[in-house]
Amino acid sequence: MTSIYGTYLNYNNNFKNNDYRKVISYIENNFNPGDGIIVEPHFMGWSINYHLKHSNSNLKEPDILGWDLNMQLNSLKEKTDLNKLWFVLDYSALGQNNYDSLPALMSELGYKRENEKSFYIIPAKVNVEYYVKSF
């Protein structure tokens with residue numbers, strides 16, 4: 001009985017803390033070959049890595065370009081191979097500096113936001129934004 005109940009909770013509880021299943025499914029359904037993924041804070045990328053180990057997915061591992069958003073953006077200035085990328089911004093993070101300014105900051109780097117979707121995951125929202133480098 002416990003196994004059935006545990007399985008039920010695992011697949012039907014949409015209020016589970018840091019439940020990225022809907023976020024990952026959304027990216028996976030819209031992912032294109034050559035897309036990059038940046039998760040902020042970077043350590044939340046474990047959820048995508050876990051998904052990749054346990055499923056047949058077209059996603060790739062998240063790119064870690066720094067330890068916070070500012071470092072990630074500074075690294076993007078130097079990168080020439082990330083022309084299309086997904087940004088996953090978890091607002092439950094302590095350091096949310098520049099999360100709301102990301103479209104303007106990415107525009108300064110030559111990227112245009114093509115898509116945005118918010119997911120409301122306890123304890124806060126997670127924004128998924130797709131950027132394309134305009135040459």
# chains A, B, ... in the order shown; residues from 1 in each chain; ligands from 1
$ residues_around --residues "Glu40 (chain A)" --least-positions-apart "4" --cutoff "12 Å" --atoms "only C-alpha atoms" --output "ChimeraX atom specification"
/A:44-46,62-73,86-99,102,126-129
$ atom_distance --atom1 "CA of Asp100 (chain A)" --atom2 "CA of Lys133 (chain A)"
19.2 Å
$ select_by_dssp --residues "chain A" --states "strand (DSSP E)" --output "MDAnalysis selection string"
chainID A and resid 36:40 84:90 111:121 124:133
$ select_by_dssp --residues "region 54-107 of chain A" --states "alpha helix (DSSP H)" --output "PyMOL selection string"
chain A and resi 69-78+102-107
$ closest_residue --among "A:Lys53, A:Lys84, A:Lys77, A:Lys22" --to "Ser118 (chain A)" --atoms "only C-alpha atoms"
A:Lys22
$ atom_distance --atom1 "CA of Leu82 (chain A)" --atom2 "CA of Glu28 (chain A)"
17.7 Å
$ closest_residue --among "A:Ser3, A:Asn56, A:Asn83, A:Asn30" --to "Lys117 (chain A)" --atoms "only C-alpha atoms"
A:Asn30
